[in-house]
file structure-v8.txt (compact mmCIF, C-alpha atoms and all ligand atoms)
# COMPACT_ATOMS: atom_id res chain seq x y z
CA MET A 1 89.21 119.47 113.97
CA LYS A 2 86.46 117.41 115.59
CA THR A 3 88.36 114.40 116.81
CA THR A 4 91.82 114.06 118.27
CA TYR A 5 93.62 110.86 117.43
CA LEU A 6 96.76 111.78 119.35
CA HIS A 7 96.23 109.17 122.04
CA ASN A 8 95.68 106.17 119.79
CA PRO A 9 98.87 105.50 117.77
CA GLY A 10 97.01 103.25 115.30
CA ALA A 11 94.40 105.89 114.47
CA LEU A 12 96.99 108.67 114.59
CA LYS A 13 99.14 106.81 112.05
CA ILE A 14 96.21 106.68 109.64
CA ASP A 15 95.32 110.33 110.12
CA LEU A 16 98.94 111.43 109.69
CA MET A 17 99.28 109.40 106.49
CA LEU A 18 96.10 110.98 105.15
CA ARG A 19 96.75 114.59 106.12
CA GLY A 20 100.51 114.82 106.36
CA ILE A 21 102.39 117.07 108.73
CA ARG A 22 103.85 120.56 108.86
CA LEU A 23 107.38 121.23 110.04
CA ASP A 24 108.08 124.67 111.48
CA ASP A 25 111.73 124.31 112.42
CA PRO A 26 113.82 125.12 109.30
CA VAL A 27 116.66 122.82 110.36
CA VAL A 28 114.27 119.91 110.89
CA LYS A 29 112.58 120.76 107.60
CA ALA A 30 115.79 120.64 105.64
CA TRP A 31 116.95 117.45 107.27
CA ALA A 32 113.82 115.45 107.74
CA CYS A 33 111.53 115.45 104.75
CA GLY A 34 112.89 113.22 102.02
CA ALA A 35 111.21 112.56 98.71
CA SER A 36 109.03 109.91 100.29
CA GLY A 37 108.07 111.65 103.52
CA ILE A 38 109.40 111.50 107.02
CA ASP A 39 109.73 108.33 109.14
CA ILE A 40 108.60 108.92 112.73
CA LEU A 41 108.25 106.58 115.67
CA LEU A 42 104.97 107.18 117.51
CA PRO A 43 104.22 105.78 120.98
CA GLN A 44 103.83 101.99 121.28
CA ASN A 45 106.54 101.43 118.67
CA THR A 46 104.25 102.53 115.86
CA LEU A 47 106.27 103.45 112.84
CA VAL A 48 104.80 105.87 110.31
CA ASN A 49 105.96 107.54 107.13
CA ILE A 50 104.28 110.95 106.99
CA PRO A 51 103.93 113.07 103.86
CA CYS A 52 105.42 116.51 104.46
CA LYS A 53 106.18 117.97 101.04
CA GLU A 54 102.97 117.54 99.06
CA GLY A 55 100.64 120.54 98.73
CA PHE A 56 97.85 118.95 100.76
CA THR A 57 100.08 118.78 103.85
CA LYS A 58 99.89 122.58 104.23
CA ALA A 59 96.33 122.17 105.55
CA SER A 60 97.30 119.48 108.07
CA PRO A 61 96.41 120.20 111.70
CA TYR A 62 99.56 118.34 112.74
CA LEU A 63 102.81 120.09 113.45
CA ILE A 64 106.17 118.75 114.59
CA SER A 65 107.85 120.96 117.12
CA LYS A 66 111.25 120.66 118.77
CA ARG A 67 112.11 121.59 122.36
CA GLY A 68 115.72 121.04 123.29
CA ASP A 69 116.58 117.63 121.87
CA ASP A 70 113.00 116.34 122.01
CA PHE A 71 110.34 116.25 119.30
CA PHE A 72 106.59 116.48 119.72
CA ILE A 73 103.58 116.19 117.45
CA THR A 74 100.70 118.51 118.25
CA ASP A 75 97.26 118.86 116.70
CA GLY A 76 96.71 122.23 118.36
CA LYS A 77 94.88 120.67 121.32
CA ALA A 78 97.44 118.33 122.83
CA GLU A 79 100.87 116.94 122.06
CA ILE A 80 102.73 113.66 122.28
CA PRO A 81 106.46 112.89 122.27
CA VAL A 82 107.82 111.21 119.13
CA SER A 83 111.22 110.31 117.74
CA PHE A 84 112.74 110.64 114.32
CA VAL A 85 113.91 107.50 112.62
CA PRO A 86 117.40 108.25 111.37
CA ARG A 87 117.95 107.92 107.66
CA PRO A 88 119.85 104.74 106.82
CA GLY A 89 123.58 105.39 106.70
CA PHE A 90 123.95 103.37 103.48
CA TYR A 91 121.95 106.01 101.61
CA ALA A 92 125.13 108.11 101.59
CA LYS A 93 127.29 105.33 100.14
CA LYS A 94 127.79 103.92 96.65
CA THR A 95 128.37 100.63 94.90
CA SER A 96 131.84 99.91 93.53
CA THR A 97 130.41 100.94 90.15
CA GLY A 98 129.56 104.38 91.52
CA VAL A 99 125.77 104.05 91.87
CA SER A 100 124.27 105.52 95.01
CA PHE A 101 122.67 102.83 97.17
CA ALA A 102 119.83 105.30 97.70
CA ASN A 103 119.01 105.01 93.96
CA ILE A 104 118.76 101.24 94.20
CA ALA A 105 117.17 100.64 97.59
CA SER A 106 114.51 102.32 99.67
CA SER A 107 114.23 101.38 103.36
CA HIS A 108 111.23 101.95 105.60
CA GLY A 109 111.10 100.14 108.91
CA SER A 110 111.96 96.47 108.64
CA TYR A 111 111.70 96.27 104.88
CA THR A 112 113.84 97.47 102.02
CA VAL A 113 112.55 97.64 98.48
CA ILE A 114 115.01 96.99 95.68
CA THR A 115 114.03 97.32 92.05
CA PRO A 116 116.78 95.84 89.85
CA ASP A 117 115.04 96.96 86.65
CA PRO A 118 113.44 100.33 87.28
CA ARG A 119 111.16 100.21 84.24
CA CYS A 120 107.60 99.20 83.54
CA GLU A 121 106.44 98.55 79.98
CA PHE A 122 102.93 99.84 80.69
CA PHE A 123 104.42 103.31 80.24
CA SER A 124 105.50 102.69 76.65
CA SER A 125 101.91 101.74 75.74
CA LYS A 126 100.49 104.61 77.85
CA ILE A 127 98.48 102.19 79.96
CA GLU A 128 100.27 102.72 83.26
CA CYS A 129 98.31 102.63 86.52
CA LYS A 130 96.87 106.08 87.06
CA TYR A 131 98.15 106.38 90.61
CA CYS A 132 101.70 105.22 89.80
CA ALA A 133 104.19 107.50 91.47
CA GLY A 134 107.16 105.22 90.86
CA ASN A 135 110.10 105.88 88.61
CA PHE A 136 109.22 103.10 86.25
CA ASP A 137 109.00 105.04 83.03
CA THR A 138 110.91 103.23 80.27
CA GLU A 139 111.35 106.55 78.51
CA LYS A 140 113.04 108.02 81.56
CA GLU A 141 116.61 109.06 80.98
CA GLY A 142 119.19 107.13 82.96
CA ALA A 143 116.91 104.20 83.80
CA ARG A 144 119.03 101.11 83.62
CA VAL A 145 119.12 97.55 84.87
CA TYR A 146 121.32 96.98 87.92
CA THR A 147 123.62 93.99 87.80
CA ILE A 148 123.43 91.11 90.23
CA GLU A 149 126.76 92.27 91.70
CA GLU A 150 125.37 95.77 92.31
CA ILE A 151 122.30 94.32 94.01
CA ILE A 152 124.41 92.00 96.16
CA GLU A 153 126.53 94.98 97.27
CA THR A 154 123.35 96.89 98.05
CA VAL A 155 121.82 94.06 100.07
CA GLY A 156 125.11 93.73 101.96
CA ALA A 157 125.02 97.43 102.85
CA VAL A 158 121.38 97.18 103.94
CA LEU A 159 121.89 94.13 106.13
CA LYS A 160 124.94 95.66 107.79
CA GLU A 161 122.53 98.16 109.33
CA LYS A 162 119.39 96.04 109.53
CA SER A 163 120.52 92.53 110.25
CA ASN A 164 116.94 91.25 110.43
CA GLY A 165 115.73 93.27 107.43
CA ILE A 166 113.44 91.84 104.78
CA ILE A 167 114.40 92.46 101.16
CA TYR A 168 111.53 93.11 98.75
CA LEU A 169 112.53 92.62 95.13
CA SER A 170 110.05 94.46 92.99
CA ILE A 171 109.53 94.62 89.25
CA GLY A 172 107.19 96.46 86.91
CA PHE A 173 105.36 95.00 83.93
CA SER A 174 107.21 93.28 81.10
CA LYS A 175 105.60 91.63 78.09
CA SER A 176 106.94 88.19 78.97
CA ASP A 177 104.63 85.44 80.22
CA ASP A 178 106.63 84.87 83.39
CA GLY A 179 105.59 88.09 85.21
CA GLY A 180 109.25 89.17 85.28
CA MET A 181 110.29 86.10 87.26
CA GLU A 182 112.73 84.81 84.68
CA PHE A 183 114.60 88.11 85.08
CA LEU A 184 114.31 88.23 88.90
CA LYS A 185 115.17 84.60 89.56
CA PRO A 186 119.00 84.95 89.44
CA TYR A 187 118.76 87.95 91.79
CA VAL A 188 116.71 85.96 94.31
CA THR A 189 119.04 83.00 94.06
CA ALA A 190 122.15 85.15 94.47
CA ILE A 191 120.76 87.02 97.51
CA LYS A 192 119.75 83.76 99.19
CA LYS A 193 123.20 82.31 98.42
CA HIS A 194 125.10 85.26 99.91
CA PHE A 195 122.90 86.23 102.85
CA ASN A 196 120.77 84.69 105.51
CA CYS A 197 117.80 87.00 105.03
CA LEU A 198 114.15 86.90 104.06
CA VAL A 199 113.28 87.79 100.48
CA ALA A 200 109.87 88.77 99.17
CA VAL A 201 109.06 89.10 95.48
CA GLU A 202 106.63 91.82 94.43
CA ALA A 203 105.70 91.17 90.82
CA LEU A 204 102.83 90.94 88.37
CA PRO A 205 101.14 87.55 88.10
CA PRO A 206 102.77 85.27 85.53
CA LYS A 207 100.51 83.76 82.87
CA ASP A 208 101.54 80.26 83.83
CA ASN A 209 101.45 78.88 87.40
CA ARG A 210 104.76 77.19 86.69
CA TRP A 211 106.43 80.54 87.36
CA ILE A 212 104.84 80.70 90.80
CA ASP A 213 106.43 77.32 91.54
CA GLU A 214 109.71 78.70 90.17
CA THR A 215 109.43 81.75 92.45
CA TYR A 216 109.16 79.51 95.47
CA ALA A 217 111.87 77.14 94.22
CA ALA A 218 114.26 80.06 93.65
CA GLY A 219 114.13 80.80 97.39
CA ALA A 220 111.55 83.57 97.72
CA ASP A 221 110.00 83.48 101.19
CA SER A 222 106.98 85.55 100.26
CA VAL A 223 105.23 86.75 97.13
CA LEU A 224 102.99 89.73 96.43
CA TYR A 225 100.71 90.14 93.40
CA ASN A 226 99.07 93.48 94.06
CA LEU A 227 95.52 93.69 92.78
CA GLU A 228 95.37 97.27 94.17
CA ILE A 229 91.65 97.81 93.38
CA TYR A 230 89.01 95.20 94.17
CA ASP A 231 86.06 96.79 92.36
CA LYS A 232 86.04 95.33 88.85
CA GLU A 233 85.06 98.48 87.01
CA LEU A 234 87.36 100.82 88.94
CA PHE A 235 90.19 98.33 88.44
CA GLU A 236 89.70 98.60 84.68
CA ILE A 237 89.59 102.39 84.78
CA ILE A 238 92.45 103.03 87.18
CA CYS A 239 94.73 100.15 86.16
CA PRO A 240 94.20 99.90 82.37
CA GLY A 241 97.41 97.96 81.74
CA ARG A 242 96.82 95.44 84.50
CA ALA A 243 93.20 95.01 83.41
CA SER A 244 93.84 94.60 79.68
CA LEU A 245 97.10 92.63 79.65
CA ILE A 246 96.74 90.54 82.82
CA GLY A 247 93.13 90.71 83.97
CA ARG A 248 91.52 90.75 87.40
CA LYS A 249 90.69 87.06 87.17
CA ARG A 250 94.32 86.12 86.59
CA TYR A 251 95.33 88.13 89.67
CA LEU A 252 92.88 86.21 91.82
CA ASP A 253 93.74 82.84 90.25
CA ALA A 254 97.49 83.42 90.66
CA LEU A 255 97.01 84.49 94.28
CA THR A 256 94.87 81.42 94.96
CA TYR A 257 97.56 79.17 93.50
CA ALA A 258 100.41 80.97 95.29
CA ALA A 259 98.63 80.63 98.64
CA LYS A 260 98.72 76.85 98.11
CA VAL A 261 102.43 76.85 97.25
CA PHE A 262 103.85 79.31 99.82
CA PRO A 263 103.62 78.92 103.61
CA GLY A 264 100.54 80.39 105.32
CA GLY A 265 100.60 84.18 105.72
CA THR A 266 103.36 84.81 103.17
CA VAL A 267 101.24 85.55 100.10
CA ALA A 268 99.93 89.10 100.09
CA SER A 269 98.19 91.62 97.88
CA HIS A 270 97.79 95.38 98.18
CA LEU A 271 94.39 97.03 98.10
CA ILE A 272 94.87 100.78 98.01
CA VAL A 273 92.61 102.59 100.45
CA GLY A 274 91.16 105.72 98.92
CA LEU A 275 90.85 104.61 95.31
CA GLU A 276 87.57 102.76 95.82
CA PRO A 277 84.76 102.87 98.36
CA PRO A 278 85.61 101.44 101.81
CA GLY A 279 82.84 98.86 101.42
CA SER A 280 84.49 97.63 98.24
CA THR A 281 87.88 97.38 100.01
CA CYS A 282 86.12 95.32 102.73
CA MET A 283 84.77 92.97 100.03
CA GLY A 284 88.34 92.65 98.74
CA ILE A 285 89.54 91.82 102.25
CA ASP A 286 86.90 89.10 102.51
CA HIS A 287 87.77 87.62 99.11
CA LEU A 288 91.55 87.65 99.61
CA THR A 289 91.38 86.16 103.09
CA ASP A 290 89.00 83.47 101.82
CA ILE A 291 91.79 82.27 99.52
CA GLY A 292 94.43 82.54 102.25
CA VAL A 293 96.00 85.81 101.10
CA VAL A 294 96.97 88.63 103.47
CA PRO A 295 95.54 91.96 102.30
CA ILE A 296 97.90 94.90 102.76
CA LEU A 297 96.17 98.27 102.77
CA PRO A 298 98.36 101.22 101.78
CA ILE A 299 96.65 104.60 101.88
CA TYR A 300 96.53 106.43 98.57
CA ARG A 301 98.91 109.36 98.70
CA PRO A 302 98.41 112.00 96.03
CA SER A 303 101.69 113.04 94.51
CA GLY A 304 102.62 115.69 91.98
CA GLY A 305 101.86 114.68 88.41
CA SER A 306 99.73 111.69 89.33
CA ALA A 307 96.95 112.61 91.71
CA LEU A 308 93.60 110.88 91.88
CA ARG A 309 91.58 113.21 93.98
CA ILE A 310 88.69 111.27 95.38
CA GLU A 311 86.75 112.78 98.24
CA PRO A 312 85.83 112.40 101.01
CA LEU A 313 88.66 110.42 102.53
CA ASN A 314 89.22 110.81 106.23
CA ALA A 315 90.28 108.70 109.17
CA GLU A 316 86.75 108.41 110.50
CA ILE A 317 85.66 106.76 107.25
CA ILE A 318 88.59 104.41 106.78
CA ILE A 319 89.43 103.29 110.34
CA PRO A 320 86.57 100.74 110.17
CA VAL A 321 88.24 99.19 107.11
CA TYR A 322 91.43 98.51 109.10
CA LYS A 323 89.36 97.12 111.96
CA HIS A 324 87.61 94.85 109.49
CA LEU A 325 91.00 93.66 108.21
CA TYR A 326 92.24 92.86 111.71
CA LYS A 327 89.06 91.07 112.76
CA THR A 328 88.89 89.07 109.52
CA LEU A 329 92.51 87.87 109.75
CA MET A 330 91.96 86.89 113.37
CA ALA A 331 88.68 85.09 112.61
CA LYS A 332 90.19 83.16 109.68
CA LYS A 333 93.38 82.48 111.63
CA ILE A 334 95.64 83.87 108.92
CA SER A 335 99.11 84.75 110.13
CA PHE A 336 100.19 88.33 109.45
CA ASN A 337 103.64 88.16 111.00
CA TRP A 338 105.24 89.16 107.73
CA VAL A 339 103.40 92.45 107.65
CA ARG A 340 104.76 94.40 110.60
CA ASP A 341 107.03 97.34 111.39
CA LEU A 342 106.16 99.07 108.14
CA SER A 343 106.12 102.84 108.05
CA MET A 344 104.40 103.24 104.66
CA VAL A 345 101.45 100.98 105.41
CA THR A 346 99.08 100.53 108.35
CA THR A 347 99.67 96.92 109.27
CA PRO A 348 97.19 94.39 110.64
CA VAL A 349 99.28 94.38 113.83
CA GLU A 350 98.38 98.04 114.27
CA GLY A 351 94.73 97.12 113.70
CA ARG A 352 94.93 95.79 117.24
CA LEU A 353 95.62 99.32 118.47
CA LEU A 354 92.50 100.55 116.70
CA MET A 355 90.37 98.03 118.57
CA GLY A 356 91.39 99.39 121.98
CA GLY A 357 88.45 100.55 124.11
CA GLN A 358 85.99 100.05 121.29
CA ALA A 359 82.41 99.66 122.38
CA ALA A 360 79.55 100.78 120.18
CA ASP A 361 81.41 103.79 118.90
CA LYS A 362 80.86 105.54 115.61
CA SER A 363 83.54 103.48 113.85
CA THR A 364 81.80 100.25 114.79
CA LEU A 365 78.55 101.51 113.38
CA LEU A 366 80.26 102.47 110.13
CA GLU A 367 82.01 99.12 109.96
CA ASP A 368 78.68 97.34 110.44
CA PHE A 369 77.23 99.50 107.69
CA TYR A 370 79.99 98.46 105.27
CA LYS A 371 79.08 94.85 105.93
CA THR A 372 75.52 95.31 104.77
CA LYS A 373 74.71 94.73 101.12
CA ILE A 374 73.84 98.35 100.55
CA GLY A 375 76.95 99.46 102.46
CA MET A 376 79.23 97.29 100.34
CA LYS A 377 77.96 98.68 97.07
CA ALA A 378 76.60 102.11 97.83
CA ALA A 379 78.79 103.48 100.59
CA TRP A 380 80.77 106.52 99.70
CA GLY A 381 78.96 107.25 96.47
CA LEU A 382 80.32 104.50 94.23
CA SER A 383 78.13 105.43 91.32
CA THR A 384 79.13 109.08 91.57
CA LEU A 385 82.75 108.09 91.70
CA ARG A 386 82.48 105.89 88.62
CA ARG A 387 80.72 108.61 86.72
CA LYS A 388 83.40 111.12 87.62
CA LEU A 389 86.14 108.76 86.56
CA ARG A 390 84.45 108.06 83.26
CA VAL A 391 83.90 111.71 82.36
CA LYS A 392 86.48 112.76 79.85
CA ASP A 393 88.14 116.09 80.30
CA GLY A 394 90.75 116.78 77.65
CA GLY A 395 91.70 113.13 77.53
CA GLU A 396 91.70 112.84 81.29
CA SER A 397 89.09 111.66 83.71
CA ALA A 398 87.53 114.48 85.70
CA ALA A 399 88.42 112.81 88.96
CA VAL A 400 91.90 112.00 87.81
CA LYS A 401 93.25 115.48 87.98
CA LYS A 402 96.87 116.00 87.29
CA LYS A 403 98.25 118.39 89.89
S1 LIG B 1 102.53 98.10 87.27
FE1 LIG B 1 101.46 100.05 87.55
S2 LIG B 1 102.12 100.76 89.61
FE2 LIG B 1 103.56 99.16 88.97
S3 LIG B 1 105.24 100.31 87.99
FE3 LIG B 1 103.81 99.70 86.34
S4 LIG B 1 102.46 101.48 86.11
FE4 LIG B 1 103.50 101.72 88.11

call {"tool": "encode", "arguments": {"input": "structure-v8.txt", "output": "structure tokens"}}
result
Amino acid sequence: MKTTYLHNPGALKIDLMLRGIRLDDPVVKAWACGASGIDILLPQNTLVNIPCKEGFTKASPYLISKRGDDFFITDGKAEIPVSFVPRPGFYAKKTSTGVSFANIASSHGSYTVITPDPRCEFFSSKIECKYCAGNFDTEKEGARVYTIEEIIETVGAVLKEKSNGIIYLSIGFSKSDDGGMEFLKPYVTAIKKHFNCLVAVEALPPKDNRWIDETYAAGADSVLYNLEIYDKELFEIICPGRASLIGRKRYLDALTYAAKVFPGGTVASHLIVGLEPPGSTCMGIDHLTDIGVVPILPIYRPSGGSALRIEPLNAEIIIPVYKHLYKTLMAKKISFNWVRDLSMVTTPVEGRLLMGGQAADKSTLLEDFYKTKIGMKAAWGLSTLRRKLRVKDGGESAAVKKK
């Protein structure tokens, strides 16, 4: 390992999300690593969700060790103290109808994602997003719509533990023109009626802007239409359903309109880091911030059955992207208060940590390179990547290898 990131929590968070962690203590192993990784609090209140079950984590240089009651992360050269974030107590409880709250809600840091209808119709047409690791398969046994009452009970249980929690209502694709908002609207209204909490809607863009107005009118405090991939061609390859039934242009138009309807800093869109060249993600950051949208940059996490293996992807290459995000939001004076205390995503707030002590280091040089015309288009072998993705291999792209 050439570089140690242990002493910069922002950089360490990125490296841990990329490489995962090993757990040597069997008790910790059994207790800590849930289906979606392990939530750890790093120094400077930096919350991270670290993969610990996936195959690639076996090669991670990071190890959690326990001495007495204390936990440490080491990279073999040094170590830092960390703490485990306890699993929410409501995960062990059920609704009055007998559904485990853990099946309905997933909490990480300040936000809790609730998906009242755990299905996405892209699956039935076999045009689902190639990275999708969610349980949104309409064919899946047991998938059912949760009632408003069940969701209200769930939100009540969440807020009992996280009084300042933000509820994200998410929905997959449905063939209706409203982006799923007609279905979600009574849930939003009921939550806002029963609780004094912030609600974000994570949906697909409706065909008609009227539904964006309706989303705001229903009481949503924030809305996310996740473009996921900025590069036009890669978007079409990786997100065939989104590209053919919604279209990249509609994403950008809907986001532009939403940013005029919702308060500043509350309209956001994901761009997944690792599914396109960093220079392309930087172009996406520039475009989204130009229209007043906050880019959120989750790191692609390969998971069993749906792994897009695109190499190379390391912290040294992608840290400049997060720096670019932070600097751009600051320069354009876009508020990013909504996007904080998230364990699954490196937030713009943590971009500040990455800037610490930066002079003309290697990251700055890379970041400057991404800003050049050639860097935007050619960095990280875009043409090679496209070619790989286009090559058919038994019905699958060569770079889209199912693990
Ligand atoms: S829209 Fe894409 S990522 Fe979202 S649930 Fe459907 S297939 Fe998965």

call {"tool": "atom_distance", "arguments": {"input": "structure-v8.txt", "atom1": "CA of Lys193 (chain A)", "atom2": "CA of Ile296 (chain A)"}}
result
28.6 Å

call {"tool": "residues_near_ligand", "arguments": {"input": "structure-v8.txt", "ligand": "ligand LIG 1 (chain B)", "cutoff": "9 Å", "atoms": "only C-alpha atoms and all ligand atoms", "output": "PyMOL selection string"}}
result
chain A and resi 118-123+127-137+170-174+203-204+226+228+239-242

call {"tool": "residues_around", "arguments": {"input": "structure-v8.txt", "residues": "Ala78 (chain A)", "least_positions_apart": "6", "cutoff": "10 Å", "atoms": "all atoms listed in the file", "output": "list in words"}}
result
Thr4, Tyr5, Leu6, His7 and Phe72 of chain A

call {"tool": "closest_residue", "arguments": {"input": "structure-v8.txt", "among": "A:Val113, A:Met283, A:Ala157, A:Ile64", "to": "Gly89 (chain A)", "atoms": "only C-alpha atoms"}}
result
A:Ala157

call {"tool": "closest_residue", "arguments": {"input": "structure-v8.txt", "among": "A:Asp75, A:Ile114, A:Asp177, A:Ser107", "to": "Asp15 (chain A)", "atoms": "only C-alpha atoms"}}
result
A:Asp75

call {"tool": "atom_distance", "arguments": {"input": "structure-v8.txt", "atom1": "CA of Lys94 (chain A)", "atom2": "CA of Glu150 (chain A)"}}
result
9.5 Å
